[in-house]
file query.pdb (PDB, C-alpha atoms, pLDDT in the B column)
MODEL        1
ATOM      1  CA  MET A 718     -17.781   9.070  -3.601  1.00 49.00           C
ATOM      2  CA  LYS A 719     -19.192  11.604  -6.032  1.00 47.00           C
ATOM      3  CA  GLN A 720     -16.320  13.541  -7.494  1.00 45.00           C
ATOM      4  CA  ASN A 721     -15.739  16.002 -10.275  1.00 44.00           C
ATOM      5  CA  LYS A 722     -12.377  16.944 -11.738  1.00 43.00           C
ATOM      6  CA  HIS A 723     -11.796  19.640  -9.143  1.00 38.00           C
ATOM      7  CA  ASN A 724     -12.347  17.220  -6.262  1.00 52.00           C
ATOM      8  CA  ILE A 725     -10.113  14.574  -7.790  1.00 54.00           C
ATOM      9  CA  LEU A 726      -7.313  17.136  -7.739  1.00 59.00           C
ATOM     10  CA  GLY A 727      -8.325  18.386  -4.303  1.00 67.00           C
ATOM     11  CA  ASN A 728      -6.631  18.272  -0.929  1.00 81.00           C
ATOM     12  CA  ASP A 729      -8.689  15.468   0.607  1.00 93.00           C
ATOM     13  CA  PHE A 730      -6.251  12.787  -0.623  1.00 97.00           C
ATOM     14  CA  VAL A 731      -3.342  11.413   1.386  1.00 97.00           C
ATOM     15  CA  VAL A 732      -0.565   9.209   0.006  1.00 98.00           C
ATOM     16  CA  VAL A 733       1.172   7.009   2.584  1.00 98.00           C
ATOM     17  CA  PHE A 734       4.323   5.063   1.843  1.00 98.00           C
ATOM     18  CA  PRO A 735       7.037   3.339   3.895  1.00 97.00           C
ATOM     19  CA  SER A 736      10.748   3.713   3.331  1.00 97.00           C
ATOM     20  CA  PHE A 737      13.787   1.730   4.356  1.00 95.00           C
ATOM     21  CA  ILE A 738      17.099   2.998   2.936  1.00 94.00           C
ATOM     22  CA  GLU A 739      15.342   4.224  -0.211  1.00 94.00           C
ATOM     23  CA  VAL A 740      17.739   7.157  -0.544  1.00 94.00           C
ATOM     24  CA  GLU A 741      17.599   7.339  -4.361  1.00 93.00           C
ATOM     25  CA  ASN A 742      13.882   6.646  -4.698  1.00 95.00           C
ATOM     26  CA  VAL A 743      11.926   8.797  -2.251  1.00 97.00           C
ATOM     27  CA  SER A 744      12.419  12.212  -3.875  1.00 96.00           C
ATOM     28  CA  ILE A 745      11.637  10.759  -7.320  1.00 97.00           C
ATOM     29  CA  LEU A 746       8.434   9.214  -5.987  1.00 97.00           C
ATOM     30  CA  VAL A 747       7.354  12.447  -4.282  1.00 97.00           C
ATOM     31  CA  LYS A 748       7.777  14.349  -7.563  1.00 97.00           C
ATOM     32  CA  ARG A 749       5.647  11.765  -9.361  1.00 97.00           C
ATOM     33  CA  ILE A 750       2.947  11.926  -6.694  1.00 97.00           C
ATOM     34  CA  ARG A 751       2.884  15.714  -6.908  1.00 95.00           C
ATOM     35  CA  ALA A 752       2.488  15.524 -10.693  1.00 95.00           C
ATOM     36  CA  ALA A 753      -0.457  13.117 -10.365  1.00 95.00           C
ATOM     37  CA  LEU A 754      -2.196  14.655  -7.316  1.00 95.00           C
ATOM     38  CA  PRO A 755      -0.807  18.190  -6.915  1.00 94.00           C
ATOM     39  CA  LYS A 756      -2.743  19.052  -3.742  1.00 93.00           C
ATOM     40  CA  SER A 757      -2.433  15.728  -1.975  1.00 96.00           C
ATOM     41  CA  LYS A 758      -0.740  15.316   1.378  1.00 97.00           C
ATOM     42  CA  ILE A 759       2.113  12.839   1.677  1.00 98.00           C
ATOM     43  CA  ILE A 760       3.055  10.822   4.743  1.00 98.00           C
ATOM     44  CA  ILE A 761       6.441   9.074   4.676  1.00 98.00           C
ATOM     45  CA  VAL A 762       7.193   6.514   7.378  1.00 98.00           C
ATOM     46  CA  ASP A 763      10.929   5.905   7.330  1.00 97.00           C
ATOM     47  CA  ASP A 764      12.690   3.041   9.103  1.00 97.00           C
ATOM     48  CA  SER A 765      16.184   3.883   7.822  1.00 97.00           C
ATOM     49  CA  PRO A 766      19.140   4.265  10.171  1.00 96.00           C
ATOM     50  CA  ARG A 767      19.835   7.853  11.190  1.00 97.00           C
ATOM     51  CA  LYS A 768      22.398   8.627   8.468  1.00 97.00           C
ATOM     52  CA  GLU A 769      20.148   7.542   5.590  1.00 96.00           C
ATOM     53  CA  ASN A 770      17.096   8.983   7.344  1.00 96.00           C
ATOM     54  CA  GLU A 771      18.674  12.438   7.375  1.00 97.00           C
ATOM     55  CA  VAL A 772      19.570  12.174   3.678  1.00 97.00           C
ATOM     56  CA  ILE A 773      15.997  11.216   2.769  1.00 97.00           C
ATOM     57  CA  LYS A 774      14.516  14.058   4.831  1.00 96.00           C
ATOM     58  CA  ARG A 775      16.776  16.566   3.092  1.00 96.00           C
ATOM     59  CA  SER A 776      15.827  15.174  -0.315  1.00 96.00           C
ATOM     60  CA  VAL A 777      12.145  16.102   0.201  1.00 95.00           C
ATOM     61  CA  LYS A 778      12.677  19.330   2.133  1.00 93.00           C
ATOM     62  CA  GLN A 779      11.717  21.397  -0.923  1.00 92.00           C
ATOM     63  CA  PHE A 780       8.184  19.963  -0.987  1.00 94.00           C
ATOM     64  CA  THR A 781       5.192  21.138   1.031  1.00 93.00           C
ATOM     65  CA  ASN A 782       2.398  19.110   2.661  1.00 94.00           C
ATOM     66  CA  ILE A 783       4.728  16.303   3.700  1.00 97.00           C
ATOM     67  CA  GLN A 784       4.692  14.645   7.108  1.00 97.00           C
ATOM     68  CA  PHE A 785       7.731  12.554   7.955  1.00 97.00           C
ATOM     69  CA  ILE A 786       7.768   9.857  10.627  1.00 98.00           C
ATOM     70  CA  SER A 787      11.306   8.759  11.543  1.00 97.00           C
ATOM     71  CA  ARG A 788      11.388   5.394  13.332  1.00 97.00           C
ATOM     72  CA  LEU A 789      15.169   4.787  12.863  1.00 95.00           C
ATOM     73  CA  LYS A 790      14.936   0.990  12.898  1.00 95.00           C
ATOM     74  CA  LYS A 791      13.272  -1.601  10.715  1.00 94.00           C
ATOM     75  CA  LEU A 792       9.864  -2.299  12.245  1.00 95.00           C
ATOM     76  CA  GLY A 793       8.150  -3.689   9.136  1.00 94.00           C
ATOM     77  CA  ARG A 794       6.300  -2.412   6.091  1.00 95.00           C
ATOM     78  CA  GLY A 795       2.899  -3.239   7.512  1.00 95.00           C
ATOM     79  CA  SER A 796       3.394  -1.423  10.788  1.00 96.00           C
ATOM     80  CA  ALA A 797       4.744   1.598   8.872  1.00 97.00           C
ATOM     81  CA  ILE A 798       1.608   1.836   6.740  1.00 98.00           C
ATOM     82  CA  ILE A 799      -0.681   1.426   9.752  1.00 97.00           C
ATOM     83  CA  GLU A 800       1.179   4.200  11.594  1.00 98.00           C
ATOM     84  CA  GLY A 801       0.960   6.462   8.557  1.00 98.00           C
ATOM     85  CA  LEU A 802      -2.753   5.829   8.061  1.00 98.00           C
ATOM     86  CA  LYS A 803      -3.474   6.564  11.706  1.00 98.00           C
ATOM     87  CA  LEU A 804      -1.609   9.851  11.423  1.00 98.00           C
ATOM     88  CA  GLY A 805      -3.611  10.706   8.317  1.00 98.00           C
ATOM     89  CA  LEU A 806      -6.869  10.107  10.176  1.00 98.00           C
ATOM     90  CA  LYS A 807      -6.063  12.902  12.627  1.00 97.00           C
ATOM     91  CA  ASP A 808      -6.808  15.436   9.881  1.00 96.00           C
ATOM     92  CA  LYS A 809     -10.587  15.345   9.456  1.00 95.00           C
ATOM     93  CA  THR A 810     -10.323  16.787   5.937  1.00 95.00           C
ATOM     94  CA  ASN A 811      -8.570  13.658   4.696  1.00 96.00           C
ATOM     95  CA  LYS A 812     -11.127  11.419   3.000  1.00 96.00           C
ATOM     96  CA  TYR A 813      -9.127   9.126   0.693  1.00 97.00           C
ATOM     97  CA  PHE A 814      -5.873   7.336   1.412  1.00 98.00           C
ATOM     98  CA  PHE A 815      -3.489   5.868  -1.135  1.00 98.00           C
ATOM     99  CA  GLU A 816      -0.986   3.253  -0.019  1.00 98.00           C
ATOM    100  CA  MET A 817       2.033   2.441  -2.152  1.00 98.00           C
ATOM    101  CA  ASP A 818       5.679   1.361  -1.998  1.00 96.00           C
ATOM    102  CA  SER A 819       8.738   3.603  -2.210  1.00 96.00           C
ATOM    103  CA  ASP A 820      10.794   1.502  -4.643  1.00 94.00           C
ATOM    104  CA  LEU A 821       9.217   3.034  -7.795  1.00 95.00           C
ATOM    105  CA  ALA A 822       7.539  -0.268  -8.621  1.00 94.00           C
ATOM    106  CA  GLN A 823       4.188   1.543  -8.906  1.00 96.00           C
ATOM    107  CA  ASN A 824       3.331   4.594 -10.978  1.00 96.00           C
ATOM    108  CA  PRO A 825       1.251   7.443  -9.500  1.00 97.00           C
ATOM    109  CA  LYS A 826      -0.072   8.103 -13.015  1.00 97.00           C
ATOM    110  CA  GLU A 827      -2.398   5.180 -12.293  1.00 97.00           C
ATOM    111  CA  PHE A 828      -4.047   6.979  -9.348  1.00 97.00           C
ATOM    112  CA  ILE A 829      -6.838   8.143 -11.632  1.00 96.00           C
ATOM    113  CA  ARG A 830      -7.772   4.536 -12.391  1.00 96.00           C
ATOM    114  CA  PHE A 831      -8.304   3.834  -8.688  1.00 97.00           C
ATOM    115  CA  ILE A 832     -10.341   6.994  -8.197  1.00 96.00           C
ATOM    116  CA  LYS A 833     -12.631   6.236 -11.144  1.00 96.00           C
ATOM    117  CA  LYS A 834     -13.163   2.687  -9.904  1.00 97.00           C
ATOM    118  CA  MET A 835     -14.135   3.875  -6.438  1.00 96.00           C
ATOM    119  CA  ASN A 836     -16.515   6.356  -8.014  1.00 94.00           C
ATOM    120  CA  GLU A 837     -18.134   3.976 -10.456  1.00 95.00           C
ATOM    121  CA  GLU A 838     -18.608   0.987  -8.159  1.00 95.00           C
ATOM    122  CA  ASN A 839     -19.102   2.850  -4.862  1.00 95.00           C
ATOM    123  CA  VAL A 840     -16.595   0.672  -3.003  1.00 97.00           C
ATOM    124  CA  ASP A 841     -14.557   1.346   0.124  1.00 98.00           C
ATOM    125  CA  LEU A 842     -11.266  -0.134  -1.056  1.00 98.00           C
ATOM    126  CA  VAL A 843      -9.655  -0.431  -4.483  1.00 98.00           C
ATOM    127  CA  VAL A 844      -6.750  -2.857  -4.809  1.00 98.00           C
ATOM    128  CA  GLY A 845      -4.224  -2.707  -7.626  1.00 98.00           C
ATOM    129  CA  SER A 846      -3.764  -6.100  -9.273  1.00 98.00           C
ATOM    130  CA  ARG A 847      -1.078  -7.509 -11.522  1.00 96.00           C
ATOM    131  CA  TYR A 848      -3.250 -10.506 -12.262  1.00 96.00           C
ATOM    132  CA  ILE A 849      -6.440  -9.231 -13.843  1.00 97.00           C
ATOM    133  CA  ARG A 850      -6.818  -8.289 -17.473  1.00 95.00           C
ATOM    134  CA  GLY A 851      -4.640  -5.275 -18.212  1.00 96.00           C
ATOM    135  CA  GLY A 852      -2.282  -5.880 -15.279  1.00 97.00           C
ATOM    136  CA  ARG A 853       1.401  -6.440 -15.964  1.00 94.00           C
ATOM    137  CA  THR A 854       4.747  -7.068 -14.291  1.00 94.00           C
ATOM    138  CA  ILE A 855       7.813  -5.658 -16.045  1.00 94.00           C
ATOM    139  CA  GLY A 856      11.461  -6.485 -15.397  1.00 90.00           C
ATOM    140  CA  VAL A 857      10.785  -9.249 -12.865  1.00 86.00           C
ATOM    141  CA  THR A 858      12.053 -12.786 -13.372  1.00 88.00           C
ATOM    142  CA  LYS A 859       9.586 -15.407 -14.517  1.00 90.00           C
ATOM    143  CA  SER A 860      10.304 -17.556 -11.440  1.00 88.00           C
ATOM    144  CA  ARG A 861       9.306 -14.711  -9.097  1.00 87.00           C
ATOM    145  CA  ILE A 862       6.122 -14.069 -11.072  1.00 91.00           C
ATOM    146  CA  ILE A 863       5.195 -17.763 -10.899  1.00 91.00           C
ATOM    147  CA  LEU A 864       5.890 -17.843  -7.145  1.00 89.00           C
ATOM    148  CA  SER A 865       3.776 -14.730  -6.609  1.00 90.00           C
ATOM    149  CA  ARG A 866       0.889 -16.196  -8.577  1.00 93.00           C
ATOM    150  CA  ILE A 867       1.038 -19.421  -6.568  1.00 92.00           C
ATOM    151  CA  ILE A 868       1.060 -17.505  -3.278  1.00 91.00           C
ATOM    152  CA  ASN A 869      -1.890 -15.350  -4.297  1.00 93.00           C
ATOM    153  CA  LYS A 870      -3.872 -18.369  -5.464  1.00 94.00           C
ATOM    154  CA  PHE A 871      -3.144 -20.067  -2.143  1.00 92.00           C
ATOM    155  CA  LEU A 872      -4.320 -16.984  -0.235  1.00 94.00           C
ATOM    156  CA  TYR A 873      -7.511 -16.833  -2.299  1.00 94.00           C
ATOM    157  CA  LEU A 874      -8.321 -20.496  -1.610  1.00 93.00           C
ATOM    158  CA  LEU A 875      -7.493 -20.144   2.088  1.00 93.00           C
ATOM    159  CA  LEU A 876      -9.137 -16.806   2.868  1.00 94.00           C
ATOM    160  CA  GLY A 877     -11.901 -16.567   0.284  1.00 92.00           C
ATOM    161  CA  VAL A 878     -11.661 -12.820  -0.280  1.00 95.00           C
ATOM    162  CA  LYS A 879     -12.526 -12.162  -3.927  1.00 94.00           C
ATOM    163  CA  LEU A 880      -9.185 -10.681  -4.959  1.00 96.00           C
ATOM    164  CA  THR A 881      -6.524 -11.858  -7.383  1.00 97.00           C
ATOM    165  CA  ASP A 882      -3.678  -9.894  -5.788  1.00 96.00           C
ATOM    166  CA  TYR A 883      -3.377  -9.965  -2.001  1.00 95.00           C
ATOM    167  CA  THR A 884       0.270  -8.928  -1.883  1.00 92.00           C
ATOM    168  CA  ASP A 885       0.598  -5.791  -4.018  1.00 93.00           C
ATOM    169  CA  GLY A 886       0.720  -2.686  -1.843  1.00 95.00           C
ATOM    170  CA  PHE A 887      -0.911  -0.253  -4.273  1.00 98.00           C
ATOM    171  CA  ARG A 888      -4.339   0.596  -2.841  1.00 98.00           C
ATOM    172  CA  LEU A 889      -6.931   3.326  -2.349  1.00 98.00           C
ATOM    173  CA  TYR A 890      -8.991   3.368   0.852  1.00 98.00           C
ATOM    174  CA  ASN A 891     -11.869   5.628   1.791  1.00 97.00           C
ATOM    175  CA  ARG A 892     -11.936   7.085   5.281  1.00 97.00           C
ATOM    176  CA  ARG A 893     -14.404   4.507   6.586  1.00 97.00           C
ATOM    177  CA  SER A 894     -12.125   1.595   5.720  1.00 98.00           C
ATOM    178  CA  VAL A 895      -9.073   3.293   7.269  1.00 98.00           C
ATOM    179  CA  GLU A 896     -11.019   3.975  10.455  1.00 98.00           C
ATOM    180  CA  LEU A 897     -11.854   0.274  10.653  1.00 97.00           C
ATOM    181  CA  ILE A 898      -8.210  -0.679  10.147  1.00 97.00           C
ATOM    182  CA  ALA A 899      -7.208   1.709  12.928  1.00 97.00           C
ATOM    183  CA  LYS A 900      -9.619  -0.022  15.314  1.00 96.00           C
ATOM    184  CA  GLU A 901      -8.517  -3.550  14.380  1.00 94.00           C
ATOM    185  CA  ASP A 902      -5.878  -5.510  16.245  1.00 92.00           C
ATOM    186  CA  ILE A 903      -3.443  -5.860  13.345  1.00 93.00           C
ATOM    187  CA  LYS A 904      -0.949  -8.453  14.526  1.00 93.00           C
ATOM    188  CA  SER A 905       1.436  -8.668  11.578  1.00 93.00           C
ATOM    189  CA  THR A 906       4.133  -6.095  10.896  1.00 91.00           C
ATOM    190  CA  GLY A 907       5.650  -7.013   7.513  1.00 90.00           C
ATOM    191  CA  PHE A 908       4.319  -7.175   3.968  1.00 87.00           C
ATOM    192  CA  ILE A 909       1.750  -9.820   4.955  1.00 92.00           C
ATOM    193  CA  THR A 910      -0.166  -7.012   6.704  1.00 95.00           C
ATOM    194  CA  LEU A 911      -1.557  -6.379   3.202  1.00 95.00           C
ATOM    195  CA  THR A 912      -3.290  -9.743   3.423  1.00 95.00           C
ATOM    196  CA  GLU A 913      -4.350  -9.395   7.062  1.00 95.00           C
ATOM    197  CA  THR A 914      -6.022  -6.024   6.453  1.00 97.00           C
ATOM    198  CA  VAL A 915      -8.090  -7.139   3.442  1.00 96.00           C
ATOM    199  CA  TYR A 916      -9.142 -10.300   5.267  1.00 95.00           C
ATOM    200  CA  LYS A 917     -10.320  -8.383   8.339  1.00 96.00           C
ATOM    201  CA  LEU A 918     -11.947  -5.617   6.281  1.00 97.00           C
ATOM    202  CA  ASN A 919     -13.794  -8.261   4.287  1.00 96.00           C
ATOM    203  CA  ARG A 920     -15.122  -9.740   7.523  1.00 95.00           C
ATOM    204  CA  LYS A 921     -16.409  -6.265   8.426  1.00 95.00           C
ATOM    205  CA  GLY A 922     -18.372  -6.049   5.181  1.00 96.00           C
ATOM    206  CA  ILE A 923     -16.096  -3.577   3.408  1.00 97.00           C
ATOM    207  CA  LYS A 924     -16.757  -3.464  -0.352  1.00 97.00           C
ATOM    208  CA  MET A 925     -13.687  -4.036  -2.510  1.00 98.00           C
ATOM    209  CA  ALA A 926     -12.769  -3.923  -6.171  1.00 98.00           C
ATOM    210  CA  GLU A 927      -9.601  -4.374  -8.213  1.00 98.00           C
ATOM    211  CA  VAL A 928      -8.023  -2.371 -11.016  1.00 98.00           C
ATOM    212  CA  PRO A 929      -5.195  -3.509 -13.295  1.00 98.00           C
ATOM    213  CA  VAL A 930      -1.781  -2.019 -12.554  1.00 98.00           C
ATOM    214  CA  THR A 931       1.692  -2.307 -13.991  1.00 97.00           C
ATOM    215  CA  ILE A 932       4.435  -3.241 -11.535  1.00 95.00           C
ATOM    216  CA  TYR A 933       8.064  -2.495 -12.407  1.00 92.00           C
ATOM    217  CA  SER A 934      11.286  -3.985 -11.112  1.00 83.00           C
ATOM    218  CA  ARG A 935      13.102  -1.635  -8.737  1.00 69.00           C
ATOM    219  CA  ARG A 936      15.764   0.613 -10.301  1.00 68.00           C
ATOM    220  CA  TYR A 937      17.740   1.581  -7.186  1.00 57.00           C
ATOM    221  CA  GLY A 938      18.516  -0.165  -3.925  1.00 52.00           C
ATOM    222  CA  ILE A 939      17.811  -3.781  -3.027  1.00 54.00           C
ATOM    223  CA  SER A 940      14.740  -5.609  -1.793  1.00 53.00           C
ATOM    224  CA  THR A 941      14.753  -6.445   1.921  1.00 56.00           C
ATOM    225  CA  ARG A 942      12.325  -9.364   1.634  1.00 57.00           C
ATOM    226  CA  ASP A 943      13.708 -12.882   1.930  1.00 57.00           C
ATOM    227  CA  PHE A 944      12.378 -16.423   1.930  1.00 63.00           C
ATOM    228  CA  ASN A 945      12.353 -16.609   5.725  1.00 72.00           C
ATOM    229  CA  GLU A 946       9.966 -13.634   5.861  1.00 72.00           C
ATOM    230  CA  LEU A 947       7.844 -15.279   3.173  1.00 74.00           C
ATOM    231  CA  PHE A 948       7.715 -18.559   5.105  1.00 76.00           C
ATOM    232  CA  GLN A 949       6.851 -16.832   8.389  1.00 80.00           C
ATOM    233  CA  SER A 950       4.188 -14.776   6.620  1.00 81.00           C
ATOM    234  CA  LEU A 951       2.455 -17.836   5.222  1.00 81.00           C
ATOM    235  CA  LEU A 952       2.505 -19.450   8.661  1.00 86.00           C
ATOM    236  CA  PHE A 953       0.915 -16.297  10.071  1.00 86.00           C
ATOM    237  CA  VAL A 954      -1.900 -16.421   7.500  1.00 88.00           C
ATOM    238  CA  LEU A 955      -2.617 -20.084   8.288  1.00 86.00           C
ATOM    239  CA  LYS A 956      -2.761 -19.309  12.006  1.00 84.00           C
ATOM    240  CA  MET A 957      -4.989 -16.275  11.445  1.00 87.00           C
ATOM    241  CA  ARG A 958      -7.416 -18.234   9.261  1.00 84.00           C
ATOM    242  CA  PHE A 959      -7.790 -21.095  11.721  1.00 81.00           C
ATOM    243  CA  GLU A 960      -8.184 -18.732  14.678  1.00 81.00           C
ATOM    244  CA  TYR A 961     -11.232 -17.211  12.979  1.00 72.00           C
ATOM    245  CA  SER A 962     -12.680 -20.575  11.988  1.00 63.00           C
ATOM    246  CA  SER A 963     -12.424 -22.080  15.472  1.00 51.00           C
TER     247      SER A 963
ENDMDL
END
call {"tool": "encode", "arguments": {"input": "query.pdb", "output": "structure tokens"}}
result
Amino acid sequence: MKQNKHNILGNDFVVVFPSFIEVENVSILVKRIRAALPKSKIIIVDDSPRKENEVIKRSVKQFTNIQFISRLKKLGRGSAIIEGLKLGLKDKTNKYFFEMDSDLAQNPKEFIRFIKKMNEENVDLVVGSRYIRGGRTIGVTKSRIILSRIINKFLYLLLGVKLTDYTDGFRLYNRRSVELIAKEDIKSTGFITLTETVYKLNRKGIKMAEVPVTIYSRRYGISTRDFNELFQSLLFVLKMRFEYSS
């Protein structure tokens, strides 16, 4: 991925993010993405009910180069990202794909860090990590940070992919890695799809690296994750791991 400054600010980047009743957040995030990557394309996959969906669409109407997928029911973060990535692949000029959340937990100003890492180490996937040197989590309770660290350590020991953060959805893929994801049978639909995709990409020989990122507590809206989803996700990972080892 040889890039100069012009290419980094070029139109071969796509930013994909899911949304579920993120009425206050989406337009703010789009503005931040535009400031960081002015010529990038943006794909929003929205699972909000029709009323909120219409509000969100109006909030980004002023912006160009936005594709909006309205699903009108909650089908899961993972399936939203996969659908958005597949749509992005249809445009042959798209070479690099950012994935992020819509709750303003991640800052597009850090895009440049991902791009430089992909350049310098010639990898196919760059994962943002809270848990390597320079990574931080701000405004999140200590108990949630401890739980997240335990989960990520468990995933590392179980799956063996050399990452410290399996569950943060701030990533940069090259086209090759997205094409492989599109061909895979991705069985999960929620946030654990983040783990399933890196595990299956690792099995395909995809080269990965991590960069430190800062994750912020959400300012607007409420999280839709709960402990039942967490429990079911961990069961899914156990089943997936043992299916591949049998």
call {"tool": "resolve_selection", "arguments": {"input": "query.pdb", "expression": "the PyMOL selection byres ((chain A and resi 759) around 10)", "output": "number ranges by chain"}}
result
A: 730-734, 747, 750-751, 756-758, 760-762, 780-785, 801, 805, 814-815
call {"tool": "closest_residue", "arguments": {"input": "query.pdb", "among": "A:Thr931, A:Ser736, A:Asn891, A:Thr810", "to": "Pro825 of chain A", "atoms": "all atoms listed in the file"}}
result
A:Thr931
call {"tool": "residues_around", "arguments": {"input": "query.pdb", "residues": "Leu874 of chain A", "least_positions_apart": "5", "cutoff": "12 Å", "atoms": "only C-alpha atoms", "output": "ChimeraX atom specification"}}
result
/A:867-869,879-881,883,954-955,958
call {"tool": "residues_around", "arguments": {"input": "query.pdb", "residues": "Tyr890 of chain A", "least_positions_apart": "2", "cutoff": "6 Å", "atoms": "only C-alpha atoms", "output": "list in words"}}
result
Tyr813, Phe814, Asp841 and Leu842 of chain A
call {"tool": "resolve_selection", "arguments": {"input": "query.pdb", "expression": "the PyMOL selection byres ((chain A and resi 906-915) around 8)", "output": "PyMOL selection string"}}
result
chain A and resi 792-797+878+883-886+898+903-905+916-919+950+954
call {"tool": "axis_aligned_box", "arguments": {"input": "query.pdb", "around": "segment 788-797 of chain A", "padding_each_side": "4 Å", "output": "JSON"}}
result
{"center_x": 9.0, "center_y": 0.9, "center_z": 9.7, "size_x": 20.3, "size_y": 17.1, "size_z": 15.2}
call {"tool": "decode", "arguments": {"input": "query.pdb", "residues": "segment 875-943 of chain A", "atoms": "C-alpha atoms", "output": "compact mmCIF listing (two decimals), in the first residue's frame"}}
result
# COMPACT_ATOMS: atom_id res chain seq x y z
CA LEU A 875 -8.83 -19.66 22.96
CA LEU A 876 -8.28 -18.48 19.39
CA GLY A 877 -4.56 -17.74 19.27
CA VAL A 878 -4.78 -14.74 16.96
CA LYS A 879 -2.01 -12.33 17.96
CA LEU A 880 -4.24 -9.41 18.95
CA THR A 881 -4.84 -7.70 22.28
CA ASP A 882 -8.26 -6.29 21.34
CA TYR A 883 -10.71 -8.60 19.59
CA THR A 884 -13.81 -6.59 20.46
CA ASP A 885 -13.13 -2.99 19.43
CA GLY A 886 -14.79 -2.19 16.12
CA PHE A 887 -12.29 0.39 14.86
CA ARG A 888 -10.45 -1.22 11.93
CA LEU A 889 -8.92 -0.64 8.51
CA TYR A 890 -9.14 -3.38 5.89
CA ASN A 891 -7.59 -3.51 2.44
CA ARG A 892 -9.72 -4.73 -0.44
CA ARG A 893 -8.25 -8.23 -0.38
CA SER A 894 -9.30 -8.82 3.23
CA VAL A 895 -12.83 -7.49 2.61
CA GLU A 896 -13.19 -9.75 -0.42
CA LEU A 897 -12.29 -12.71 1.77
CA ILE A 898 -14.83 -11.68 4.40
CA ALA A 899 -17.49 -11.41 1.70
CA LYS A 900 -16.79 -15.00 0.62
CA GLU A 901 -16.79 -16.41 4.16
CA ASP A 902 -19.82 -17.92 5.84
CA ILE A 903 -20.05 -15.43 8.70
CA LYS A 904 -22.50 -17.01 11.12
CA SER A 905 -22.67 -14.41 13.89
CA THR A 906 -24.68 -11.21 13.62
CA GLY A 907 -23.83 -9.15 16.72
CA PHE A 908 -20.67 -7.54 18.04
CA ILE A 909 -18.93 -10.93 18.27
CA THR A 910 -18.68 -10.83 14.46
CA LEU A 911 -15.57 -8.72 15.16
CA THR A 912 -13.98 -11.81 16.68
CA GLU A 913 -15.29 -14.25 14.07
CA THR A 914 -13.92 -12.19 11.18
CA VAL A 915 -10.38 -11.85 12.58
CA TYR A 916 -10.30 -15.54 13.45
CA LYS A 917 -11.34 -16.60 9.94
CA LEU A 918 -9.09 -14.03 8.24
CA ASN A 919 -6.18 -15.28 10.33
CA ARG A 920 -6.87 -18.82 9.13
CA LYS A 921 -6.69 -17.49 5.56
CA GLY A 922 -3.23 -16.05 6.16
CA ILE A 923 -4.26 -12.40 6.33
CA LYS A 924 -1.53 -10.21 7.88
CA MET A 925 -2.68 -8.10 10.81
CA ALA A 926 -1.29 -5.38 13.03
CA GLU A 927 -2.60 -3.22 15.87
CA VAL A 928 -2.41 0.49 16.58
CA PRO A 929 -3.24 2.20 19.88
CA VAL A 930 -6.57 4.04 19.99
CA THR A 931 -8.49 6.05 22.54
CA ILE A 932 -12.05 4.90 23.21
CA TYR A 933 -14.53 7.32 24.79
CA SER A 934 -17.74 6.70 26.69
CA ARG A 935 -20.82 7.50 24.60
CA ARG A 936 -22.25 11.01 25.00
CA TYR A 937 -25.76 10.47 23.61
CA GLY A 938 -28.13 7.52 23.56
CA ILE A 939 -27.75 4.22 25.39
CA SER A 940 -25.82 1.05 24.67
CA THR A 941 -27.93 -1.84 23.37
CA ARG A 942 -25.53 -4.57 24.51
CA ASP A 943 -26.48 -6.64 27.54
